[in-house]
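All remarks here apply to the structure that follows.
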Number of protein chains: 2
Amino acid sequence: MTTSADKLIETTQALLWERGYVGTSPRAIQDMAGVGQGSMYHHFRGKAALALAAEERSSAELLEEVRHLLEAPGDPLDRVVGYLRLERDILKGCRVGRLAADPEVVADPALRKPVADTFAQIGERLASLLAEAQAAGRLRAGLDARALAATVLAVRQGGYVLARAADSVVPYGQAVDGLIALLTGNDTK
Amino acid sequence: MTTSADKLIETTQALLWERGYVGTSPRAIQDMAGVGQGSMYHHFRGKAALALAAEERSSAELLEEVRHLLEAPGDPLDRVVGYLRLERDILKGCRVGRLAADPEVVADPALRKPVADTFAQIGERLASLLAEAQAAGRLRAGLDARALAATVLAVRQGGYVLARAADSVVPYGQAVDGLIALLTGNDTK
């Protein structure tokens, strides 16, 4: 990949994370990347094609980070707790999940796909770990592991929403602590 | 309030919900409301002032709807479950929470305030109900009711993110079901 194409993708990743798809103009990408309009349209058909490349890279980076944690050796429930406690820059929110707020991303199947796939892949891994925890007697057997996996994903995503609304990491930590206490049966006060 | 001012606020509520603050231009508001630029600036100093009025109205409407449910008579844990099951238009997401994705809303204390206050008020009410449920022996006493209240809020907000990403209400339902099973101790499979 050329340096310009790479720079455009990186810049678009940052702008999508910060401002979303609707809030990111081709002009802003060019200015921030220091790449001219001609070069941008040489490498990418337009904003959607560039955004798709940026989304795919953000998704791959996120999955790599999470897979590392979820596939580590050790107790399966501890790995789910580790995922819940994995703190990125909470007030920035999730670079992938934030795109679900964007009307033009959710309306376009191609732009929505990397977001949907990222959650589906993490969700599947979490559901396996939760089922393993049940088989090992660490978690009540009567719970639906797929539903719980969605609960785990939702608490992280919703925690970001609460944290950004409050301009404070506190509600994120509370939301995660509450779910961990329910999953592990350990008291929190 | 004049009909024009009212129409401008309603239109801005709809556009903020659909496109967010960054994605909503004064021109789009005027066109959709059928109100001229002069009339808009007669009633509101600018986009931020109009957005604030729209946010405050959305927040008041949401709190009214939720308060009705949370302050109903009956078992406190059932009321928390009822709140989790309160289904609006899931794929549209939360009219208040979605604003937390918006960089210009979270960067402006005045625009952020209605979002923060809405979550704080619902969270406080949920925490009281969860504490009542503990006092009544319906919920483990060792859990921090404020943390659990944040978990409940986060599951709803994160459930919307997952649903929009998947273009399906299924993950929202799963996330809510998983948390309800953990809170009530009832099996889900």
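As shown in the structure tokens, the chain order sets the letters A, B, ...; within each chain, residues go from 1, and ligands are also counted from 1 in the order they appear.
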If you run DSSP on the backbone here, which positions in chain A get helix (DSSP H, G or I)? Please write them as an NGL selection string. :A and (3-19 or 26-33 or 37-43 or 47-70 or 76-85 or 90-92 or 97-101 or 103-106 or 109-135 or 145-166 or 170-184)
Spatial neighbours of region 83-88 of chain B, max dist 8 Å, only C-alpha atoms, sep filter under 2 positions, as number ranges by chain: B: 66, 69-70, 79-81, 90, 152, 156, 176, 180
Please identify all polymer residues within 12 Å of Ser59 (chain A), counting only C-alpha atoms, omitting same-chain residues fewer than 6 positions from it, and present them as a PDB file with all heavy atoms, in the first residue's frame.
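For reference, result.pdb as written:
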ATOM      1  N   GLN A  13      -9.781   6.730   9.876  1.00  0.00           N
ATOM      2  CA  GLN A  13     -10.070   5.992  11.123  1.00  0.00           C
ATOM      3  C   GLN A  13     -10.246   6.976  12.280  1.00  0.00           C
ATOM      4  O   GLN A  13     -11.183   6.875  13.069  1.00  0.00           O
ATOM      5  CB  GLN A  13      -8.913   5.053  11.470  1.00  0.00           C
ATOM      6  CG  GLN A  13      -8.844   3.768  10.664  1.00  0.00           C
ATOM      7  CD  GLN A  13      -7.676   2.897  11.149  1.00  0.00           C
ATOM      8  OE1 GLN A  13      -6.525   3.174  10.831  1.00  0.00           O
ATOM      9  NE2 GLN A  13      -7.979   1.891  11.928  1.00  0.00           N
ATOM     10  N   TRP A  17     -13.864   7.919  14.220  1.00  0.00           N
ATOM     11  CA  TRP A  17     -13.948   7.677  15.663  1.00  0.00           C
ATOM     12  C   TRP A  17     -14.405   8.947  16.382  1.00  0.00           C
ATOM     13  O   TRP A  17     -15.281   8.928  17.243  1.00  0.00           O
ATOM     14  CB  TRP A  17     -12.576   7.213  16.174  1.00  0.00           C
ATOM     15  CG  TRP A  17     -12.580   6.615  17.549  1.00  0.00           C
ATOM     16  CD1 TRP A  17     -13.617   6.547  18.427  1.00  0.00           C
ATOM     17  CD2 TRP A  17     -11.473   5.978  18.194  1.00  0.00           C
ATOM     18  NE1 TRP A  17     -13.222   5.909  19.584  1.00  0.00           N
ATOM     19  CE2 TRP A  17     -11.914   5.548  19.467  1.00  0.00           C
ATOM     20  CE3 TRP A  17     -10.142   5.732  17.831  1.00  0.00           C
ATOM     21  CZ2 TRP A  17     -11.072   4.897  20.372  1.00  0.00           C
ATOM     22  CZ3 TRP A  17      -9.316   5.080  18.734  1.00  0.00           C
ATOM     23  CH2 TRP A  17      -9.776   4.668  19.984  1.00  0.00           C
ATOM     24  N   ALA A  51     -14.013   5.178   3.728  1.00  0.00           N
ATOM     25  CA  ALA A  51     -14.558   4.873   5.061  1.00  0.00           C
ATOM     26  C   ALA A  51     -14.591   3.365   5.278  1.00  0.00           C
ATOM     27  O   ALA A  51     -14.274   2.874   6.373  1.00  0.00           O
ATOM     28  CB  ALA A  51     -15.959   5.461   5.214  1.00  0.00           C
ATOM     29  N   LEU A  52     -14.954   2.624   4.242  1.00  0.00           N
ATOM     30  CA  LEU A  52     -15.008   1.170   4.365  1.00  0.00           C
ATOM     31  C   LEU A  52     -13.619   0.604   4.683  1.00  0.00           C
ATOM     32  O   LEU A  52     -13.469  -0.245   5.570  1.00  0.00           O
ATOM     33  CB  LEU A  52     -15.558   0.553   3.072  1.00  0.00           C
ATOM     34  CG  LEU A  52     -15.791  -0.954   3.118  1.00  0.00           C
ATOM     35  CD1 LEU A  52     -16.770  -1.323   4.222  1.00  0.00           C
ATOM     36  CD2 LEU A  52     -16.310  -1.452   1.766  1.00  0.00           C
ATOM     37  N   ALA A  53     -12.605   1.089   3.985  1.00  0.00           N
ATOM     38  CA  ALA A  53     -11.229   0.637   4.272  1.00  0.00           C
ATOM     39  C   ALA A  53     -10.840   0.975   5.707  1.00  0.00           C
ATOM     40  O   ALA A  53     -10.203   0.170   6.404  1.00  0.00           O
ATOM     41  CB  ALA A  53     -10.255   1.272   3.282  1.00  0.00           C
ATOM     42  N   GLU A  65      -6.852  -7.163  19.268  1.00  0.00           N
ATOM     43  CA  GLU A  65      -6.661  -6.811  20.676  1.00  0.00           C
ATOM     44  C   GLU A  65      -7.529  -7.713  21.577  1.00  0.00           C
ATOM     45  O   GLU A  65      -7.067  -8.207  22.610  1.00  0.00           O
ATOM     46  CB  GLU A  65      -7.096  -5.344  20.823  1.00  0.00           C
ATOM     47  CG  GLU A  65      -6.668  -4.637  22.081  1.00  0.00           C
ATOM     48  CD  GLU A  65      -7.205  -3.204  22.083  1.00  0.00           C
ATOM     49  OE1 GLU A  65      -7.453  -2.629  20.984  1.00  0.00           O
ATOM     50  OE2 GLU A  65      -7.396  -2.654  23.179  1.00  0.00           O
ATOM     51  N   VAL A  66      -8.778  -7.899  21.177  1.00  0.00           N
ATOM     52  CA  VAL A  66      -9.724  -8.640  22.007  1.00  0.00           C
ATOM     53  C   VAL A  66      -9.433 -10.136  21.957  1.00  0.00           C
ATOM     54  O   VAL A  66      -9.497 -10.831  22.965  1.00  0.00           O
ATOM     55  CB  VAL A  66     -11.166  -8.337  21.540  1.00  0.00           C
ATOM     56  CG1 VAL A  66     -12.148  -9.292  22.167  1.00  0.00           C
ATOM     57  CG2 VAL A  66     -11.528  -6.896  21.885  1.00  0.00           C
ATOM     58  N   ARG A  67      -9.089 -10.625  20.764  1.00  0.00           N
ATOM     59  CA  ARG A  67      -8.826 -12.056  20.590  1.00  0.00           C
ATOM     60  C   ARG A  67      -7.682 -12.486  21.496  1.00  0.00           C
ATOM     61  O   ARG A  67      -7.737 -13.524  22.146  1.00  0.00           O
ATOM     62  CB  ARG A  67      -8.486 -12.332  19.127  1.00  0.00           C
ATOM     63  CG  ARG A  67      -8.760 -13.765  18.706  1.00  0.00           C
ATOM     64  CD  ARG A  67      -8.554 -13.924  17.213  1.00  0.00           C
ATOM     65  NE  ARG A  67      -9.677 -13.419  16.434  1.00  0.00           N
ATOM     66  CZ  ARG A  67      -9.561 -12.770  15.267  1.00  0.00           C
ATOM     67  NH1 ARG A  67      -8.386 -12.509  14.760  1.00  0.00           N
ATOM     68  NH2 ARG A  67     -10.640 -12.380  14.628  1.00  0.00           N
ATOM     69  N   CYS A  94     -16.091   3.592  21.792  1.00  0.00           N
ATOM     70  CA  CYS A  94     -15.603   2.480  20.973  1.00  0.00           C
ATOM     71  C   CYS A  94     -15.497   2.936  19.524  1.00  0.00           C
ATOM     72  O   CYS A  94     -16.457   3.450  18.960  1.00  0.00           O
ATOM     73  CB  CYS A  94     -16.572   1.308  21.080  1.00  0.00           C
ATOM     74  SG  CYS A  94     -16.173  -0.056  19.963  1.00  0.00           S
ATOM     75  N   ARG A  95     -14.327   2.701  18.930  1.00  0.00           N
ATOM     76  CA  ARG A  95     -14.100   3.172  17.548  1.00  0.00           C
ATOM     77  C   ARG A  95     -15.027   2.474  16.547  1.00  0.00           C
ATOM     78  O   ARG A  95     -15.313   3.001  15.490  1.00  0.00           O
ATOM     79  CB  ARG A  95     -12.625   2.983  17.180  1.00  0.00           C
ATOM     80  CG  ARG A  95     -12.222   1.567  16.867  1.00  0.00           C
ATOM     81  CD  ARG A  95     -10.718   1.367  16.882  1.00  0.00           C
ATOM     82  NE  ARG A  95     -10.340   0.791  18.173  1.00  0.00           N
ATOM     83  CZ  ARG A  95      -9.154   0.268  18.441  1.00  0.00           C
ATOM     84  NH1 ARG A  95      -8.189   0.288  17.543  1.00  0.00           N
ATOM     85  NH2 ARG A  95      -8.894  -0.251  19.622  1.00  0.00           N
ATOM     86  N   VAL A  96     -15.459   1.266  16.895  1.00  0.00           N
ATOM     87  CA  VAL A  96     -16.362   0.541  15.993  1.00  0.00           C
ATOM     88  C   VAL A  96     -17.827   0.810  16.368  1.00  0.00           C
ATOM     89  O   VAL A  96     -18.639   1.196  15.535  1.00  0.00           O
ATOM     90  CB  VAL A  96     -16.041  -0.969  15.996  1.00  0.00           C
ATOM     91  CG1 VAL A  96     -17.073  -1.744  15.187  1.00  0.00           C
ATOM     92  CG2 VAL A  96     -14.639  -1.217  15.437  1.00  0.00           C
ATOM     93  N   GLY A  97     -18.142   0.635  17.637  1.00  0.00           N
ATOM     94  CA  GLY A  97     -19.532   0.769  18.081  1.00  0.00           C
ATOM     95  C   GLY A  97     -20.121   2.145  17.821  1.00  0.00           C
ATOM     96  O   GLY A  97     -21.319   2.265  17.543  1.00  0.00           O
ATOM     97  N   LEU A  99     -19.996   3.942  15.373  1.00  0.00           N
ATOM     98  CA  LEU A  99     -20.527   4.073  14.008  1.00  0.00           C
ATOM     99  C   LEU A  99     -21.983   3.654  13.918  1.00  0.00           C
ATOM    100  O   LEU A  99     -22.694   4.036  12.988  1.00  0.00           O
ATOM    101  CB  LEU A  99     -19.668   3.269  13.030  1.00  0.00           C
ATOM    102  CG  LEU A  99     -18.235   3.800  12.863  1.00  0.00           C
ATOM    103  CD1 LEU A  99     -17.365   2.786  12.153  1.00  0.00           C
ATOM    104  CD2 LEU A  99     -18.245   5.128  12.103  1.00  0.00           C
ATOM    105  N   LEU A 111     -21.332  -0.441   4.578  1.00  0.00           N
ATOM    106  CA  LEU A 111     -20.687   0.305   5.669  1.00  0.00           C
ATOM    107  C   LEU A 111     -21.063  -0.281   7.038  1.00  0.00           C
ATOM    108  O   LEU A 111     -20.300  -0.171   7.998  1.00  0.00           O
ATOM    109  CB  LEU A 111     -21.074   1.786   5.617  1.00  0.00           C
ATOM    110  CG  LEU A 111     -20.508   2.599   4.444  1.00  0.00           C
ATOM    111  CD1 LEU A 111     -21.032   4.032   4.491  1.00  0.00           C
ATOM    112  CD2 LEU A 111     -18.977   2.596   4.454  1.00  0.00           C
ATOM    113  N   ARG A 112     -22.253  -0.880   7.113  1.00  0.00           N
ATOM    114  CA  ARG A 112     -22.691  -1.459   8.389  1.00  0.00           C
ATOM    115  C   ARG A 112     -21.988  -2.782   8.673  1.00  0.00           C
ATOM    116  O   ARG A 112     -21.790  -3.166   9.827  1.00  0.00           O
ATOM    117  CB  ARG A 112     -24.224  -1.653   8.367  1.00  0.00           C
ATOM    118  CG  ARG A 112     -24.836  -1.996   9.722  1.00  0.00           C
ATOM    119  CD  ARG A 112     -26.359  -2.047   9.673  1.00  0.00           C
ATOM    120  NE  ARG A 112     -26.861  -2.944   8.663  1.00  0.00           N
ATOM    121  CZ  ARG A 112     -26.826  -4.279   8.745  1.00  0.00           C
ATOM    122  NH1 ARG A 112     -26.331  -4.878   9.820  1.00  0.00           N
ATOM    123  NH2 ARG A 112     -27.309  -5.012   7.756  1.00  0.00           N
ATOM    124  N   LYS A 113     -21.589  -3.511   7.621  1.00  0.00           N
ATOM    125  CA  LYS A 113     -21.075  -4.868   7.770  1.00  0.00           C
ATOM    126  C   LYS A 113     -19.874  -4.996   8.735  1.00  0.00           C
ATOM    127  O   LYS A 113     -19.880  -5.871   9.605  1.00  0.00           O
ATOM    128  CB  LYS A 113     -20.733  -5.454   6.396  1.00  0.00           C
ATOM    129  CG  LYS A 113     -20.388  -6.939   6.418  1.00  0.00           C
ATOM    130  CD  LYS A 113     -20.242  -7.483   5.011  1.00  0.00           C
ATOM    131  CE  LYS A 113     -20.043  -8.988   5.013  1.00  0.00           C
ATOM    132  NZ  LYS A 113     -18.855  -9.434   5.756  1.00  0.00           N
ATOM    133  N   PRO A 114     -18.842  -4.148   8.614  1.00  0.00           N
ATOM    134  CA  PRO A 114     -17.710  -4.325   9.551  1.00  0.00           C
ATOM    135  C   PRO A 114     -18.132  -4.150  11.011  1.00  0.00           C
ATOM    136  O   PRO A 114     -17.587  -4.810  11.906  1.00  0.00           O
ATOM    137  CB  PRO A 114     -16.725  -3.216   9.145  1.00  0.00           C
ATOM    138  CG  PRO A 114     -17.102  -2.834   7.750  1.00  0.00           C
ATOM    139  CD  PRO A 114     -18.581  -3.055   7.637  1.00  0.00           C
ATOM    140  N   VAL A 115     -19.105  -3.281  11.264  1.00  0.00           N
ATOM    141  CA  VAL A 115     -19.583  -3.056  12.630  1.00  0.00           C
ATOM    142  C   VAL A 115     -20.333  -4.308  13.107  1.00  0.00           C
ATOM    143  O   VAL A 115     -20.061  -4.848  14.190  1.00  0.00           O
ATOM    144  CB  VAL A 115     -20.511  -1.810  12.701  1.00  0.00           C
ATOM    145  CG1 VAL A 115     -20.860  -1.491  14.144  1.00  0.00           C
ATOM    146  CG2 VAL A 115     -19.851  -0.614  12.022  1.00  0.00           C
ATOM    147  N   ALA A 116     -21.248  -4.793  12.266  1.00  0.00           N
ATOM    148  CA  ALA A 116     -22.028  -5.981  12.617  1.00  0.00           C
ATOM    149  C   ALA A 116     -21.111  -7.183  12.826  1.00  0.00           C
ATOM    150  O   ALA A 116     -21.256  -7.936  13.802  1.00  0.00           O
ATOM    151  CB  ALA A 116     -23.054  -6.269  11.509  1.00  0.00           C
ATOM    152  N   ASP A 117     -20.154  -7.367  11.913  1.00  0.00           N
ATOM    153  CA  ASP A 117     -19.255  -8.528  12.005  1.00  0.00           C
ATOM    154  C   ASP A 117     -18.388  -8.485  13.256  1.00  0.00           C
ATOM    155  O   ASP A 117     -18.109  -9.528  13.864  1.00  0.00           O
ATOM    156  CB  ASP A 117     -18.340  -8.590  10.768  1.00  0.00           C
ATOM    157  CG  ASP A 117     -19.101  -9.007   9.519  1.00  0.00           C
ATOM    158  OD1 ASP A 117     -20.295  -9.356   9.636  1.00  0.00           O
ATOM    159  OD2 ASP A 117     -18.512  -8.973   8.417  1.00  0.00           O
ATOM    160  N   THR A 118     -17.932  -7.305  13.618  1.00  0.00           N
ATOM    161  CA  THR A 118     -17.080  -7.179  14.808  1.00  0.00           C
ATOM    162  C   THR A 118     -17.844  -7.647  16.049  1.00  0.00           C
ATOM    163  O   THR A 118     -17.339  -8.462  16.843  1.00  0.00           O
ATOM    164  CB  THR A 118     -16.622  -5.721  14.991  1.00  0.00           C
ATOM    165  OG1 THR A 118     -15.984  -5.299  13.790  1.00  0.00           O
ATOM    166  CG2 THR A 118     -15.657  -5.583  16.156  1.00  0.00           C
ATOM    167  N   PHE A 119     -19.070  -7.148  16.215  1.00  0.00           N
ATOM    168  CA  PHE A 119     -19.862  -7.558  17.385  1.00  0.00           C
ATOM    169  C   PHE A 119     -20.183  -9.052  17.317  1.00  0.00           C
ATOM    170  O   PHE A 119     -20.157  -9.750  18.335  1.00  0.00           O
ATOM    171  CB  PHE A 119     -21.157  -6.754  17.484  1.00  0.00           C
ATOM    172  CG  PHE A 119     -20.948  -5.348  17.966  1.00  0.00           C
ATOM    173  CD1 PHE A 119     -21.524  -4.268  17.305  1.00  0.00           C
ATOM    174  CD2 PHE A 119     -20.179  -5.087  19.094  1.00  0.00           C
ATOM    175  CE1 PHE A 119     -21.339  -2.965  17.750  1.00  0.00           C
ATOM    176  CE2 PHE A 119     -19.990  -3.788  19.540  1.00  0.00           C
ATOM    177  CZ  PHE A 119     -20.569  -2.726  18.864  1.00  0.00           C
ATOM    178  N   ALA A 120     -20.515  -9.547  16.109  1.00  0.00           N
ATOM    179  CA  ALA A 120     -20.879 -10.969  15.985  1.00  0.00           C
ATOM    180  C   ALA A 120     -19.689 -11.843  16.387  1.00  0.00           C
ATOM    181  O   ALA A 120     -19.853 -12.837  17.108  1.00  0.00           O
ATOM    182  CB  ALA A 120     -21.324 -11.266  14.559  1.00  0.00           C
ATOM    183  N   GLN A 121     -18.490 -11.467  15.949  1.00  0.00           N
ATOM    184  CA  GLN A 121     -17.322 -12.295  16.261  1.00  0.00           C
ATOM    185  C   GLN A 121     -16.974 -12.258  17.747  1.00  0.00           C
ATOM    186  O   GLN A 121     -16.690 -13.295  18.340  1.00  0.00           O
ATOM    187  CB  GLN A 121     -16.124 -11.850  15.425  1.00  0.00           C
ATOM    188  CG  GLN A 121     -16.263 -12.300  13.972  1.00  0.00           C
ATOM    189  CD  GLN A 121     -15.027 -11.966  13.152  1.00  0.00           C
ATOM    190  OE1 GLN A 121     -13.908 -12.278  13.546  1.00  0.00           O
ATOM    191  NE2 GLN A 121     -15.227 -11.313  12.031  1.00  0.00           N
ATOM    192  N   ILE A 122     -16.989 -11.080  18.342  1.00  0.00           N
ATOM    193  CA  ILE A 122     -16.679 -11.008  19.782  1.00  0.00           C
ATOM    194  C   ILE A 122     -17.782 -11.721  20.566  1.00  0.00           C
ATOM    195  O   ILE A 122     -17.522 -12.451  21.521  1.00  0.00           O
ATOM    196  CB  ILE A 122     -16.504  -9.546  20.260  1.00  0.00           C
ATOM    197  CG1 ILE A 122     -15.384  -8.867  19.462  1.00  0.00           C
ATOM    198  CG2 ILE A 122     -16.184  -9.497  21.757  1.00  0.00           C
ATOM    199  CD1 ILE A 122     -15.201  -7.389  19.787  1.00  0.00           C
TER     200      ILE A 122
END
Residue with the minimum atom-to-atom distance to chain B, picked from A:Pro76, A:Gly38, A:Pro103, A:Gly185 with only C-alpha atoms counted, is A:Pro103
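Using only C-alpha atoms, the shortest contact distance between Ala127 (chain B) and any of A:Ala150, A:Ala110, A:Leu15, A:Gly178 is found at A:Gly178.
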May I ask you to extract the residues of chain A within 6 Å of chain B, using only C-alpha atoms, and to give them as a compact mmCIF listing (two decimals) with all heavy atoms, in the first residue's frame?
# COMPACT_ATOMS: atom_id res chain seq x y z
N VAL A 22 -21.15 10.85 9.10
CA VAL A 22 -21.88 12.04 8.67
C VAL A 22 -21.04 13.31 8.93
O VAL A 22 -21.04 14.24 8.14
CB VAL A 22 -23.25 12.13 9.39
CG1 VAL A 22 -23.89 13.50 9.24
CG2 VAL A 22 -24.19 11.04 8.88
N GLY A 23 -20.29 13.30 10.03
CA GLY A 23 -19.53 14.49 10.42
C GLY A 23 -18.16 14.59 9.78
O GLY A 23 -17.40 15.51 10.11
N ALA A 100 -22.44 2.87 14.90
CA ALA A 100 -23.85 2.44 14.89
C ALA A 100 -24.79 3.61 15.15
O ALA A 100 -25.99 3.52 14.89
CB ALA A 100 -24.08 1.33 15.91
N VAL A 115 -19.10 -3.28 11.26
CA VAL A 115 -19.58 -3.06 12.63
C VAL A 115 -20.33 -4.31 13.11
O VAL A 115 -20.06 -4.85 14.19
CB VAL A 115 -20.51 -1.81 12.70
CG1 VAL A 115 -20.86 -1.49 14.14
CG2 VAL A 115 -19.85 -0.61 12.02
N ALA A 116 -21.25 -4.79 12.27
CA ALA A 116 -22.03 -5.98 12.62
C ALA A 116 -21.11 -7.18 12.83
O ALA A 116 -21.26 -7.94 13.80
CB ALA A 116 -23.05 -6.27 11.51
N GLY A 142 -28.56 -22.61 33.96
CA GLY A 142 -29.85 -22.27 33.34
C GLY A 142 -29.84 -20.98 32.53
O GLY A 142 -30.86 -20.59 31.98
N LEU A 143 -28.70 -20.33 32.44
CA LEU A 143 -28.63 -19.07 31.70
C LEU A 143 -28.28 -19.33 30.24
O LEU A 143 -27.50 -20.23 29.94
CB LEU A 143 -27.56 -18.16 32.33
CG LEU A 143 -27.80 -17.76 33.78
CD1 LEU A 143 -26.53 -17.20 34.40
CD2 LEU A 143 -28.93 -16.75 33.89
N ASP A 144 -28.83 -18.54 29.37
CA ASP A 144 -28.55 -18.65 27.94
C ASP A 144 -27.23 -17.92 27.64
O ASP A 144 -27.15 -16.69 27.76
CB ASP A 144 -29.73 -18.02 27.18
CG ASP A 144 -29.52 -18.02 25.68
OD1 ASP A 144 -28.36 -18.18 25.22
OD2 ASP A 144 -30.51 -17.85 24.96
N ALA A 147 -27.37 -15.02 25.16
CA ALA A 147 -28.00 -13.81 25.71
C ALA A 147 -27.00 -13.09 26.62
O ALA A 147 -26.82 -11.87 26.52
CB ALA A 147 -29.27 -14.17 26.47
N LEU A 148 -26.33 -13.85 27.48
CA LEU A 148 -25.35 -13.23 28.39
C LEU A 148 -24.21 -12.57 27.62
O LEU A 148 -23.71 -11.52 28.03
CB LEU A 148 -24.75 -14.29 29.32
CG LEU A 148 -25.56 -14.70 30.53
CD1 LEU A 148 -24.71 -15.61 31.40
CD2 LEU A 148 -26.03 -13.49 31.33
N ALA A 150 -24.46 -11.13 24.76
CA ALA A 150 -25.00 -9.84 24.31
C ALA A 150 -25.03 -8.84 25.47
O ALA A 150 -24.75 -7.65 25.29
CB ALA A 150 -26.39 -10.02 23.70
N THR A 151 -25.35 -9.34 26.67
CA THR A 151 -25.37 -8.45 27.85
C THR A 151 -23.97 -7.88 28.10
O THR A 151 -23.81 -6.69 28.38
CB THR A 151 -25.85 -9.22 29.11
OG1 THR A 151 -27.08 -9.87 28.81
CG2 THR A 151 -26.03 -8.27 30.28
N ALA A 154 -23.21 -5.32 25.48
CA ALA A 154 -24.04 -4.12 25.67
C ALA A 154 -23.55 -3.28 26.83
O ALA A 154 -23.57 -2.04 26.77
CB ALA A 154 -25.50 -4.52 25.88
N VAL A 155 -23.08 -3.93 27.90
CA VAL A 155 -22.62 -3.15 29.06
C VAL A 155 -21.41 -2.30 28.69
O VAL A 155 -21.30 -1.15 29.09
CB VAL A 155 -22.34 -4.07 30.27
CG1 VAL A 155 -21.45 -3.39 31.30
CG2 VAL A 155 -23.66 -4.46 30.92
N GLN A 157 -20.65 -1.20 25.57
CA GLN A 157 -21.08 -0.14 24.65
C GLN A 157 -21.92 0.92 25.37
O GLN A 157 -21.76 2.11 25.14
CB GLN A 157 -21.88 -0.74 23.48
CG GLN A 157 -21.06 -1.63 22.57
CD GLN A 157 -19.91 -0.89 21.90
OE1 GLN A 157 -20.08 0.24 21.46
NE2 GLN A 157 -18.74 -1.50 21.83
N GLY A 158 -22.83 0.46 26.23
CA GLY A 158 -23.67 1.40 26.97
C GLY A 158 -22.86 2.16 28.01
O GLY A 158 -23.13 3.33 28.30
N GLY A 159 -21.85 1.51 28.56
CA GLY A 159 -20.97 2.18 29.52
C GLY A 159 -20.27 3.38 28.89
O GLY A 159 -20.14 4.44 29.50
N VAL A 161 -21.50 5.16 26.45
CA VAL A 161 -22.53 6.19 26.29
C VAL A 161 -22.70 6.96 27.61
O VAL A 161 -22.71 8.19 27.63
CB VAL A 161 -23.88 5.56 25.85
CG1 VAL A 161 -24.99 6.60 25.84
CG2 VAL A 161 -23.74 4.87 24.49
N ARG A 164 -19.55 9.18 28.36
CA ARG A 164 -19.47 10.39 27.54
C ARG A 164 -20.54 11.40 27.96
O ARG A 164 -20.30 12.61 28.00
CB ARG A 164 -19.60 10.04 26.06
CG ARG A 164 -18.32 9.39 25.50
CD ARG A 164 -18.51 8.91 24.08
NE ARG A 164 -18.86 9.96 23.14
CZ ARG A 164 -17.98 10.70 22.46
NH1 ARG A 164 -16.69 10.49 22.61
NH2 ARG A 164 -18.38 11.63 21.61
N ALA A 165 -21.73 10.90 28.31
CA ALA A 165 -22.81 11.79 28.75
C ALA A 165 -22.41 12.51 30.04
O ALA A 165 -22.70 13.68 30.23
CB ALA A 165 -24.10 11.01 28.94
N ALA A 166 -21.74 11.79 30.94
CA ALA A 166 -21.37 12.35 32.25
C ALA A 166 -20.02 13.05 32.20
O ALA A 166 -19.62 13.68 33.18
CB ALA A 166 -21.34 11.24 33.29
N GLN A 174 -18.96 1.68 37.05
CA GLN A 174 -20.10 1.14 37.81
C GLN A 174 -20.85 0.08 37.01
O GLN A 174 -21.20 -0.98 37.53
CB GLN A 174 -21.08 2.26 38.17
CG GLN A 174 -20.54 3.23 39.22
CD GLN A 174 -21.52 4.36 39.49
OE1 GLN A 174 -22.14 4.89 38.57
NE2 GLN A 174 -21.65 4.76 40.75
N ALA A 175 -21.11 0.39 35.74
CA ALA A 175 -21.87 -0.54 34.90
C ALA A 175 -21.13 -1.88 34.79
O ALA A 175 -21.74 -2.95 34.89
CB ALA A 175 -22.11 0.06 33.51
N GLY A 178 -21.11 -3.74 38.23
CA GLY A 178 -22.41 -4.35 38.52
C GLY A 178 -22.57 -5.67 37.79
O GLY A 178 -23.00 -6.68 38.38
N ASP A 187 -19.60 -10.18 46.06
CA ASP A 187 -20.22 -8.94 46.50
C ASP A 187 -19.37 -7.74 46.11
O ASP A 187 -18.16 -7.85 45.93
CB ASP A 187 -20.40 -8.96 48.03
CG ASP A 187 -21.55 -9.89 48.41
OD1 ASP A 187 -22.23 -10.37 47.50
OD2 ASP A 187 -21.72 -10.12 49.61
N THR A 188 -20.03 -6.59 45.98
CA THR A 188 -19.30 -5.38 45.57
C THR A 188 -19.33 -4.32 46.65
O THR A 188 -18.85 -3.22 46.45
CB THR A 188 -19.90 -4.77 44.29
OG1 THR A 188 -21.31 -4.61 44.49
CG2 THR A 188 -19.65 -5.64 43.09
N LYS A 189 -19.97 -4.60 47.76
CA LYS A 189 -19.96 -3.58 48.83
C LYS A 189 -19.85 -4.28 50.18
O LYS A 189 -19.96 -5.50 50.25
CB LYS A 189 -21.22 -2.70 48.77
CG LYS A 189 -22.51 -3.41 49.10
CD LYS A 189 -23.65 -2.41 49.27
CE LYS A 189 -24.88 -3.14 49.84
NZ LYS A 189 -26.08 -2.36 49.77
To one decimal in Å, tell me the separation between CA of Ala28 (chain B) and CA of Glu56 (chain B). 20.1 Å
My list of candidates is B:Gly46, B:Ser58, B:Met40, B:Thr2. Which is closest to Leu16 (chain B) when distances are computed with only C-alpha atoms?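 Ranking B:Gly46, B:Ser58, B:Met40, B:Thr2 by distance to Leu16 (chain B), first place goes to B:Ser58.
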